[in-house]
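Here is the file model-v5.cif (mmCIF, C-alpha atoms).
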```
data_my_file
loop_
_atom_site.label_atom_id
_atom_site.label_comp_id
_atom_site.auth_asym_id
_atom_site.auth_seq_id
_atom_site.Cartn_x
_atom_site.Cartn_y
_atom_site.Cartn_z
CA MET A 11 -4.51 32.23 -28.30
CA VAL A 12 -1.55 32.46 -30.64
CA PHE A 13 -1.79 34.85 -33.61
CA LEU A 14 0.72 33.88 -36.33
CA THR A 15 0.09 36.74 -38.78
CA PHE A 16 -0.64 40.43 -38.35
CA PRO A 17 -4.24 40.33 -39.68
CA CYS A 18 -5.01 37.75 -37.03
CA LEU A 19 -3.90 40.21 -34.36
CA ILE A 20 -7.14 42.11 -34.84
CA ARG A 21 -8.64 41.87 -31.39
CA ASN A 22 -11.50 39.61 -30.62
CA ARG A 23 -13.79 42.02 -28.82
CA GLY A 24 -16.04 39.54 -27.08
CA PRO A 25 -19.44 38.03 -27.75
CA ASP A 26 -21.64 39.93 -25.30
CA ARG A 27 -21.88 43.43 -26.75
CA TYR A 28 -25.51 43.00 -27.84
CA TRP A 29 -26.72 42.09 -24.38
CA ARG A 30 -24.69 44.80 -22.66
CA ILE A 31 -26.31 47.37 -24.93
CA GLN A 32 -29.80 45.93 -24.53
CA GLU A 33 -29.46 46.17 -20.75
CA VAL A 34 -29.20 49.95 -21.10
CA LEU A 35 -31.72 50.31 -23.94
CA LYS A 36 -34.46 48.42 -22.05
CA ASN A 37 -34.53 51.26 -19.52
CA ALA A 38 -34.91 53.78 -22.35
CA ARG A 39 -37.71 52.17 -24.33
CA HIS A 40 -40.39 54.62 -23.13
CA PHE A 41 -38.36 57.74 -24.02
CA ARG A 42 -39.10 60.15 -26.84
CA GLY A 43 -37.12 60.46 -30.04
CA ARG A 44 -33.82 58.80 -30.91
CA LYS A 45 -32.93 58.39 -27.25
CA ASN A 46 -35.04 55.21 -27.19
CA ARG A 47 -33.19 53.60 -30.12
CA CYS A 48 -29.60 54.85 -30.36
CA PHE A 49 -27.19 53.64 -27.71
CA SER A 50 -24.93 56.69 -27.34
CA LEU A 51 -27.91 58.99 -26.85
CA ALA A 52 -29.70 56.45 -24.65
CA VAL A 53 -26.79 56.03 -22.25
CA ARG A 54 -26.83 59.71 -21.33
CA ALA A 55 -30.62 59.84 -21.10
CA VAL A 56 -30.80 56.73 -18.90
CA ARG A 57 -28.15 58.08 -16.55
CA ARG A 58 -30.11 61.35 -16.16
CA ALA A 59 -33.31 59.40 -15.61
CA PHE A 60 -31.71 57.38 -12.81
CA VAL A 61 -30.30 60.55 -11.21
CA TYR A 62 -33.74 62.17 -11.31
CA ALA A 63 -35.28 59.03 -9.83
CA THR A 64 -32.81 59.11 -6.93
CA LYS A 65 -33.39 62.80 -6.25
CA GLY A 66 -37.14 62.35 -6.67
CA ARG A 67 -37.35 59.94 -3.75
CA GLN A 68 -36.52 62.81 -1.34
CA LEU A 69 -38.74 65.25 -3.23
CA LYS A 70 -41.71 62.87 -3.15
CA LYS A 71 -41.70 62.81 0.63
CA ARG A 72 -41.54 66.62 0.77
CA ASN A 73 -44.24 67.10 -1.85
CA MET A 74 -46.63 64.61 -0.26
CA ARG A 75 -46.27 66.36 3.10
CA THR A 76 -47.00 69.80 1.61
CA LEU A 77 -50.02 68.32 -0.17
CA TRP A 78 -51.36 66.87 3.08
CA ILE A 79 -50.78 70.16 4.90
CA SER A 80 -52.59 72.19 2.23
CA ARG A 81 -55.53 69.76 2.30
CA ILE A 82 -55.80 69.92 6.10
CA ALA A 83 -55.56 73.71 5.93
CA ALA A 84 -58.38 73.84 3.38
CA GLY A 85 -60.53 71.57 5.55
CA SER A 86 -59.91 73.57 8.69
CA HIS A 87 -60.65 76.88 6.93
CA GLU A 88 -64.08 75.46 6.14
CA HIS A 89 -64.65 75.06 9.87
CA GLY A 90 -63.37 78.51 10.70
CA MET A 91 -59.90 77.57 11.95
CA ARG A 92 -56.40 77.88 10.60
CA TYR A 93 -53.96 75.04 10.09
CA PRO A 94 -51.36 75.99 12.77
CA VAL A 95 -54.11 76.48 15.36
CA LEU A 96 -55.66 73.11 14.53
CA MET A 97 -52.39 71.18 14.68
CA ASN A 98 -51.17 72.89 17.84
CA ASN A 99 -54.39 72.20 19.72
CA LEU A 100 -54.63 68.62 18.49
CA VAL A 101 -51.10 68.01 19.76
CA LYS A 102 -52.02 69.57 23.11
CA SER A 103 -55.07 67.31 23.37
CA SER A 104 -52.70 64.35 22.71
CA VAL A 105 -54.39 63.41 19.44
CA GLN A 106 -51.45 61.82 17.68
CA LEU A 107 -52.87 61.63 14.17
CA ASN A 108 -50.32 62.43 11.48
CA ARG A 109 -50.90 64.67 8.49
CA LYS A 110 -51.50 61.82 6.09
CA VAL A 111 -54.35 60.38 8.17
CA LEU A 112 -55.81 63.84 8.84
CA SER A 113 -55.90 64.67 5.14
CA ASP A 114 -57.56 61.31 4.38
CA LEU A 115 -60.16 62.03 7.07
CA ALA A 116 -60.76 65.50 5.66
CA ILE A 117 -61.51 63.95 2.27
CA SER A 118 -63.41 60.77 3.05
CA GLU A 119 -64.69 61.33 6.61
CA PRO A 120 -65.80 64.98 6.78
CA ARG A 121 -67.86 64.64 9.98
CA THR A 122 -64.93 63.14 11.89
CA PHE A 123 -62.76 66.01 10.70
CA GLN A 124 -65.41 68.47 11.87
CA SER A 125 -65.42 66.91 15.33
CA LEU A 126 -61.62 67.11 15.46
CA ALA A 127 -61.82 70.81 14.52
CA LYS A 128 -64.35 71.40 17.29
CA LEU A 129 -62.10 69.57 19.77
CA ALA A 130 -59.20 71.80 18.78
CA ARG A 131 -61.37 74.91 19.16
CA VAL A 132 -62.49 73.90 22.64
CA ARG A 133 -58.94 73.18 23.70
CA GLN A 134 -57.85 76.56 22.34
CA GLU A 135 -60.50 78.39 24.33
CA GLU A 136 -59.55 76.46 27.44
CA GLY A 137 -55.97 77.53 26.91
CA PHE A 138 -57.04 81.17 26.61
CA ARG A 139 -59.08 80.92 29.80
CA ALA A 140 -56.18 79.38 31.66
CA ALA A 141 -53.78 82.07 30.46
CA LEU A 142 -56.00 85.17 30.70
CA GLY A 143 -58.57 84.22 33.32
CA ASP A 144 -58.49 84.55 37.08
CA GLY A 145 -57.03 81.16 37.89
CA SER A 146 -60.31 79.69 39.12
CA GLU A 147 -61.26 76.07 38.46
CA PRO A 148 -62.81 75.93 34.96
CA ALA A 149 -66.34 74.62 34.46
CA GLY A 150 -65.76 71.69 32.11
CA VAL A 151 -62.18 70.49 32.03
CA LEU A 152 -61.05 68.91 28.77
CA SER A 153 -57.29 68.89 28.74
CA ARG A 154 -56.27 67.82 32.20
CA VAL A 155 -54.97 64.27 32.23
CA VAL A 156 -56.90 62.23 34.79
CA LEU A 157 -54.97 59.44 36.51
CA LEU A 158 -57.16 56.48 37.34
CA GLN A 159 -56.92 55.41 40.97
CA MET B 6 -35.20 51.42 -12.47
CA THR B 7 -37.52 54.39 -12.65
CA SER B 8 -41.11 54.16 -11.50
CA ARG B 9 -42.35 54.88 -15.05
CA GLY B 10 -39.83 52.55 -16.62
CA THR B 11 -40.69 49.50 -14.55
CA PRO B 12 -44.19 48.00 -14.31
CA SER B 13 -46.23 48.46 -11.15
CA ARG B 14 -49.63 47.45 -9.87
CA PHE B 15 -52.03 48.12 -7.02
CA LEU B 16 -52.52 45.73 -4.14
CA LYS B 17 -55.31 43.29 -4.82
CA SER B 18 -56.39 39.75 -4.14
CA VAL B 19 -57.58 37.33 -6.78
CA LEU B 20 -61.41 37.56 -6.69
CA GLN B 21 -61.44 38.48 -2.95
CA ASN B 22 -59.89 35.10 -2.07
CA GLY B 23 -59.84 35.09 1.73
CA VAL B 24 -63.27 36.61 2.31
CA GLY B 25 -65.19 33.37 1.92
CA ARG B 26 -63.35 30.11 1.65
CA TYR B 27 -59.63 30.33 0.86
CA VAL B 28 -58.69 28.65 -2.42
CA CYS B 29 -55.02 27.82 -2.98
CA GLN B 30 -54.02 29.68 -6.12
CA LEU B 31 -51.30 27.25 -7.13
CA LYS B 32 -52.77 24.99 -9.80
CA ARG B 33 -49.88 22.80 -10.88
CA ILE B 34 -46.27 22.39 -9.83
CA SER B 35 -43.82 20.43 -11.97
CA LEU B 36 -40.42 19.36 -10.75
CA VAL B 37 -38.05 18.85 -13.70
CA PHE B 38 -34.79 17.25 -12.68
CA SER B 39 -32.14 14.86 -13.90
CA LYS B 40 -31.65 11.36 -12.54
CA ASN B 41 -27.86 11.44 -12.47
CA ALA B 42 -26.59 15.02 -12.56
CA GLN B 43 -24.84 16.66 -9.61
CA SER B 44 -27.01 19.79 -9.64
CA SER B 45 -30.24 17.81 -9.16
CA LEU B 46 -29.05 16.17 -5.94
CA GLY B 47 -31.19 18.43 -3.77
CA ALA B 48 -34.17 17.86 -6.03
CA ARG B 49 -33.76 14.08 -5.73
CA HIS B 50 -33.53 14.31 -1.92
CA PHE B 51 -36.64 16.50 -1.87
CA ILE B 52 -38.51 13.91 -3.92
CA GLU B 53 -37.45 11.15 -1.56
CA GLU B 54 -38.41 13.01 1.61
CA GLY B 55 -40.63 16.06 1.24
CA VAL B 56 -42.73 16.00 -1.90
CA VAL B 57 -45.39 13.58 -0.69
CA ASP B 58 -45.95 15.62 2.49
CA PHE B 59 -46.23 18.78 0.41
CA ALA B 60 -48.75 17.13 -1.91
CA LYS B 61 -50.81 15.93 1.06
CA LYS B 62 -50.76 19.39 2.67
CA ASN B 63 -51.96 21.08 -0.55
CA PRO B 64 -54.75 18.87 -1.87
CA GLY B 65 -55.77 21.46 -4.46
CA THR B 66 -52.40 21.44 -6.19
CA VAL B 67 -51.27 18.81 -8.69
CA VAL B 68 -47.62 17.82 -8.36
CA TYR B 69 -45.82 16.47 -11.43
CA ILE B 70 -42.39 14.85 -11.21
CA SER B 71 -40.52 14.55 -14.51
CA PRO B 72 -37.07 13.03 -14.51
CA GLU B 73 -35.48 13.91 -17.85
CA PRO B 74 -31.95 14.72 -18.99
CA CYS B 75 -31.68 18.46 -18.32
CA ARG B 76 -28.80 20.76 -17.49
CA ILE B 77 -30.59 22.80 -14.83
CA PRO B 78 -33.30 21.35 -12.60
CA ARG B 79 -36.38 23.58 -12.49
CA ILE B 80 -39.64 24.05 -10.63
CA VAL B 81 -42.44 25.27 -12.88
CA ALA B 82 -45.46 26.66 -10.98
CA GLU B 83 -48.73 27.43 -12.75
CA TYR B 84 -51.39 29.52 -11.08
CA LEU B 85 -55.14 29.77 -11.49
CA ASN B 86 -54.94 33.11 -13.29
CA GLY B 87 -52.58 31.66 -15.92
CA THR B 88 -49.24 32.97 -14.65
CA VAL B 89 -46.35 30.54 -15.06
CA ARG B 90 -43.29 30.92 -12.84
CA GLU B 91 -40.09 29.01 -13.38
CA GLU B 92 -37.39 28.79 -10.74
CA ALA B 93 -34.06 27.08 -11.11
CA ILE B 94 -33.07 24.86 -8.18
CA THR B 95 -29.47 24.06 -9.18
CA SER B 96 -27.41 22.98 -6.21
CA LYS B 97 -30.07 23.73 -3.64
CA THR B 98 -30.54 21.52 -0.61
CA SER B 99 -33.76 19.66 0.02
CA GLN B 100 -34.59 22.06 2.86
CA GLN B 101 -34.21 25.09 0.61
CA ILE B 102 -36.32 23.48 -2.11
CA SER B 103 -39.13 22.71 0.34
CA GLU B 104 -39.07 26.32 1.59
CA LEU B 105 -39.22 27.59 -1.98
CA VAL B 106 -42.10 25.28 -2.81
CA THR B 107 -44.14 26.36 0.25
CA LYS B 108 -43.46 29.99 -0.67
CA MET B 109 -44.82 29.38 -4.16
CA ALA B 110 -47.87 27.63 -2.75
CA ASN B 111 -48.64 30.65 -0.55
CA GLN B 112 -48.38 33.12 -3.44
CA SER B 113 -51.24 34.10 -5.67
CA GLY B 114 -50.46 34.28 -9.37
CA LEU B 115 -50.30 38.09 -9.47
CA ASP B 116 -47.12 39.65 -10.89
CA ILE B 117 -44.23 40.24 -8.53
CA ILE B 118 -43.66 43.89 -9.36
CA ARG B 119 -43.70 47.10 -7.36
CA ILE B 120 -46.94 47.53 -5.41
CA ARG B 121 -47.91 51.19 -5.43
CA LYS B 122 -49.71 51.28 -2.09
CA PRO B 123 -49.52 48.71 0.70
CA TYR B 124 -53.27 49.04 1.31
CA HIS B 125 -56.46 48.83 -0.70
CA THR B 126 -60.09 49.32 0.16
CA ASP B 127 -63.28 48.98 -1.85
CA SER B 128 -65.13 51.41 0.42
CA PRO B 129 -62.77 54.29 1.21
CA SER B 130 -65.46 56.62 2.56
CA ILE B 131 -68.00 55.76 5.26
CA GLN B 132 -69.43 59.20 5.98
CA GLY B 133 -69.55 60.19 2.33
CA GLN B 134 -66.73 61.74 0.35
CA TRP B 135 -66.27 65.49 0.68
CA HIS B 136 -67.89 67.66 -2.00
CA PRO B 137 -68.19 71.46 -2.04
CA PHE B 138 -71.65 71.40 -0.47
CA THR B 139 -70.79 69.09 2.48
CA ASN B 140 -70.14 71.87 4.97
CA ARG B 141 -72.37 74.53 3.44
CA PRO B 142 -75.70 75.05 5.23
CA PRO B 143 -78.69 74.82 2.89
CA ALA B 144 -80.01 78.20 1.70
CA ASP B 145 -83.18 79.60 3.27
CA GLY B 146 -85.64 80.58 0.51
CA PHE B 147 -84.41 81.71 -2.88
CA ILE B 148 -80.70 82.07 -3.59
CA ARG B 149 -80.00 85.76 -4.14
CA PRO B 150 -76.74 87.60 -4.82
CA PRO B 151 -75.33 89.03 -1.57
CA GLY B 152 -75.87 92.73 -0.83
CA LYS B 153 -79.07 93.07 -2.84
CA GLU B 154 -81.17 93.84 0.27
CA THR B 155 -78.97 96.84 1.22
CA SER B 156 -79.09 98.36 -2.28
CA SER B 157 -82.90 98.10 -2.47
#
```

Once you've parsed the file, please lay out its structure as structure tokens.
Amino acid sequence: MVFLTFPCLIRNRGPDRYWRIQEVLKNARHFRGRKNRCFSLAVRAVRRAFVYATKGRQLKKRNMRTLWISRIAAGSHEHGMRYPVLMNNLVKSSVQLNRKVLSDLAISEPRTFQSLAKLARVRQEEGFRAALGDGSEPAGVLSRVVLLQ
Amino acid sequence: MTSRGTPSRFLKSVLQNGVGRYVCQLKRISLVFSKNAQSSLGARHFIEEGVVDFAKKNPGTVVYISPEPCRIPRIVAEYLNGTVREEAITSKTSQQISELVTKMANQSGLDIIRIRKPYHTDSPSIQGQWHPFTNRPPADGFIRPPGKETSS
């Protein structure tokens, strides 16, 4: 473009400003106050929101795991066990259920959770007998892996 | 792109579609293209080769072909729940268009947004959901405050 006079040198800034602003404001529409209407305030608020969303993805995994653990602990306390005892003995009995599934069982399948708690208790007592007893063959063996011939 | 800022839904099927007979959710598919433009070349090839086979394979879907002067050739898919999806097919090959069209035929009309959980069940509890009295043994006789026998 050729500008012949000085007033014509005023820059042509481009046609797309409206859409560039709307792109940012559409992410701010559910905010409170002037942050959802005014672009300069919205830009900062949207950037913080995205940063929190990124950080929150790690936090969500941590928080969900602590929630599952507290629910399993509550369920096992009802059956007279503690959480570390339950998990340790389930691992030793090669029950490979994760905390998410165990917490869902504790909520919606209480009898199954009770049977898992009993299994863990039996395995714990067997461990005590093996460690403290006289080394004789135990009466009912639960935890020894039997190889099929 | 926050979870509260973008819409999301739970996993569901349209009226429990696969449980009895499966009904194809694609109601109508219209192919809008131009007879002479360069961008509609793939669309024209698809109409020559693949559209009749597609229509025979999906007898529950109506296929409309509309040649009209348009700048971008489009596929407009309408579903049984009223959703309308438009896809531009500029400069796509016939193979790509047929893949796109089969993909649209396999979709239900539900929104393509974030699905909160990848599972859904109508009966989450078989043994009965836990409540505070599930693991409490029923009381024998009247319920009395503890320690009253020792004081009397």

Each residue of chain A with at least one atom at most 6 Å from chain B should appear once, together with its nearest atom pair and the corresponding distance in Å (one decimal); atoms considered: all atoms listed in the file; ordering: chain, then increasing residue number; output as CSV.
```
residue,atom,partner,partner_atom,distance
A:Ala63,CA,B:Thr7,CA,5.9
A:Ile117,CA,B:Trp135,CA,5.2
A:Ser118,CA,B:Gln134,CA,4.4
A:Glu119,CA,B:Gln132,CA,5.2
```

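Excluding Ile52 in chain B itself and same-chain residues fewer than 5 positions from it, the residues having an atom within 12 Å of it are B:Ser35, B:Leu36, B:Val37, B:Phe38, B:Ser39, B:Lys40, B:Ser45, B:Leu46, B:Gly47, B:Val57, B:Asp58, B:Phe59, B:Ala60, B:Val68, B:Tyr69, B:Ile70, B:Ser71, B:Pro72, B:Thr98, B:Ser99, B:Gln100, B:Ile102, B:Ser103, B:Val106, counting only C-alpha atoms.
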
Would you output that residue set with C-alpha atoms, as a PDB file, in the coordinates of the input?
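Dumped everything to out-v6.pdb:
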```pdb
ATOM      1  CA  SER B  35     -43.820  20.430 -11.970  1.00  0.00           C
ATOM      2  CA  LEU B  36     -40.420  19.360 -10.750  1.00  0.00           C
ATOM      3  CA  VAL B  37     -38.050  18.850 -13.700  1.00  0.00           C
ATOM      4  CA  PHE B  38     -34.790  17.250 -12.680  1.00  0.00           C
ATOM      5  CA  SER B  39     -32.140  14.860 -13.900  1.00  0.00           C
ATOM      6  CA  LYS B  40     -31.650  11.360 -12.540  1.00  0.00           C
ATOM      7  CA  SER B  45     -30.240  17.810  -9.160  1.00  0.00           C
ATOM      8  CA  LEU B  46     -29.050  16.170  -5.940  1.00  0.00           C
ATOM      9  CA  GLY B  47     -31.190  18.430  -3.770  1.00  0.00           C
ATOM     10  CA  VAL B  57     -45.390  13.580  -0.690  1.00  0.00           C
ATOM     11  CA  ASP B  58     -45.950  15.620   2.490  1.00  0.00           C
ATOM     12  CA  PHE B  59     -46.230  18.780   0.410  1.00  0.00           C
ATOM     13  CA  ALA B  60     -48.750  17.130  -1.910  1.00  0.00           C
ATOM     14  CA  VAL B  68     -47.620  17.820  -8.360  1.00  0.00           C
ATOM     15  CA  TYR B  69     -45.820  16.470 -11.430  1.00  0.00           C
ATOM     16  CA  ILE B  70     -42.390  14.850 -11.210  1.00  0.00           C
ATOM     17  CA  SER B  71     -40.520  14.550 -14.510  1.00  0.00           C
ATOM     18  CA  PRO B  72     -37.070  13.030 -14.510  1.00  0.00           C
ATOM     19  CA  THR B  98     -30.540  21.520  -0.610  1.00  0.00           C
ATOM     20  CA  SER B  99     -33.760  19.660   0.020  1.00  0.00           C
ATOM     21  CA  GLN B 100     -34.590  22.060   2.860  1.00  0.00           C
ATOM     22  CA  ILE B 102     -36.320  23.480  -2.110  1.00  0.00           C
ATOM     23  CA  SER B 103     -39.130  22.710   0.340  1.00  0.00           C
ATOM     24  CA  VAL B 106     -42.100  25.280  -2.810  1.00  0.00           C
TER      25      VAL B 106
END
```

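Comparing A:Val56, A:Val101, A:Ala116, A:Leu152 by their smallest distance to Glu33 in chain A, the closest is A:Val56 (using all atoms listed in the file).
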
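Near (-64.5, 68.9, 17.5), the residues inside the 12 Å limit, counting only C-alpha atoms, come to A:Ser86, A:His89, A:Gly90, A:Met91, A:Leu96, A:Asn99, A:Leu100, A:Ser103, A:Val105, A:Pro120, A:Arg121, A:Thr122, A:Phe123, A:Gln124, A:Ser125, A:Leu126, A:Ala127, A:Lys128, A:Leu129, A:Ala130, A:Arg131, A:Val132, A:Arg133, A:Gln134, A:Leu152.
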
File of the preceding selection, C-alpha atoms, as an mmCIF file, in the frame of the given file:
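Just written: out24.cif:
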```
data_model
loop_
_atom_site.group_PDB
_atom_site.id
_atom_site.type_symbol
_atom_site.label_atom_id
_atom_site.label_comp_id
_atom_site.auth_asym_id
_atom_site.auth_seq_id
_atom_site.Cartn_x
_atom_site.Cartn_y
_atom_site.Cartn_z
ATOM 1 C CA SER A 86 -59.910 73.570 8.690
ATOM 2 C CA HIS A 89 -64.650 75.060 9.870
ATOM 3 C CA GLY A 90 -63.370 78.510 10.700
ATOM 4 C CA MET A 91 -59.900 77.570 11.950
ATOM 5 C CA LEU A 96 -55.660 73.110 14.530
ATOM 6 C CA ASN A 99 -54.390 72.200 19.720
ATOM 7 C CA LEU A 100 -54.630 68.620 18.490
ATOM 8 C CA SER A 103 -55.070 67.310 23.370
ATOM 9 C CA VAL A 105 -54.390 63.410 19.440
ATOM 10 C CA PRO A 120 -65.800 64.980 6.780
ATOM 11 C CA ARG A 121 -67.860 64.640 9.980
ATOM 12 C CA THR A 122 -64.930 63.140 11.890
ATOM 13 C CA PHE A 123 -62.760 66.010 10.700
ATOM 14 C CA GLN A 124 -65.410 68.470 11.870
ATOM 15 C CA SER A 125 -65.420 66.910 15.330
ATOM 16 C CA LEU A 126 -61.620 67.110 15.460
ATOM 17 C CA ALA A 127 -61.820 70.810 14.520
ATOM 18 C CA LYS A 128 -64.350 71.400 17.290
ATOM 19 C CA LEU A 129 -62.100 69.570 19.770
ATOM 20 C CA ALA A 130 -59.200 71.800 18.780
ATOM 21 C CA ARG A 131 -61.370 74.910 19.160
ATOM 22 C CA VAL A 132 -62.490 73.900 22.640
ATOM 23 C CA ARG A 133 -58.940 73.180 23.700
ATOM 24 C CA GLN A 134 -57.850 76.560 22.340
ATOM 25 C CA LEU A 152 -61.050 68.910 28.770
#
```

Next on the checklist: To test your reading of the syntax: which residues would the PyMOL selection byres ((chain A and resi 44-53) around 12) return for the file shown? Reply as an MDAnalysis selection string.
Outcome noted: (chainID A and resid 27:28 30:43 54:60) or (chainID B and resid 10)
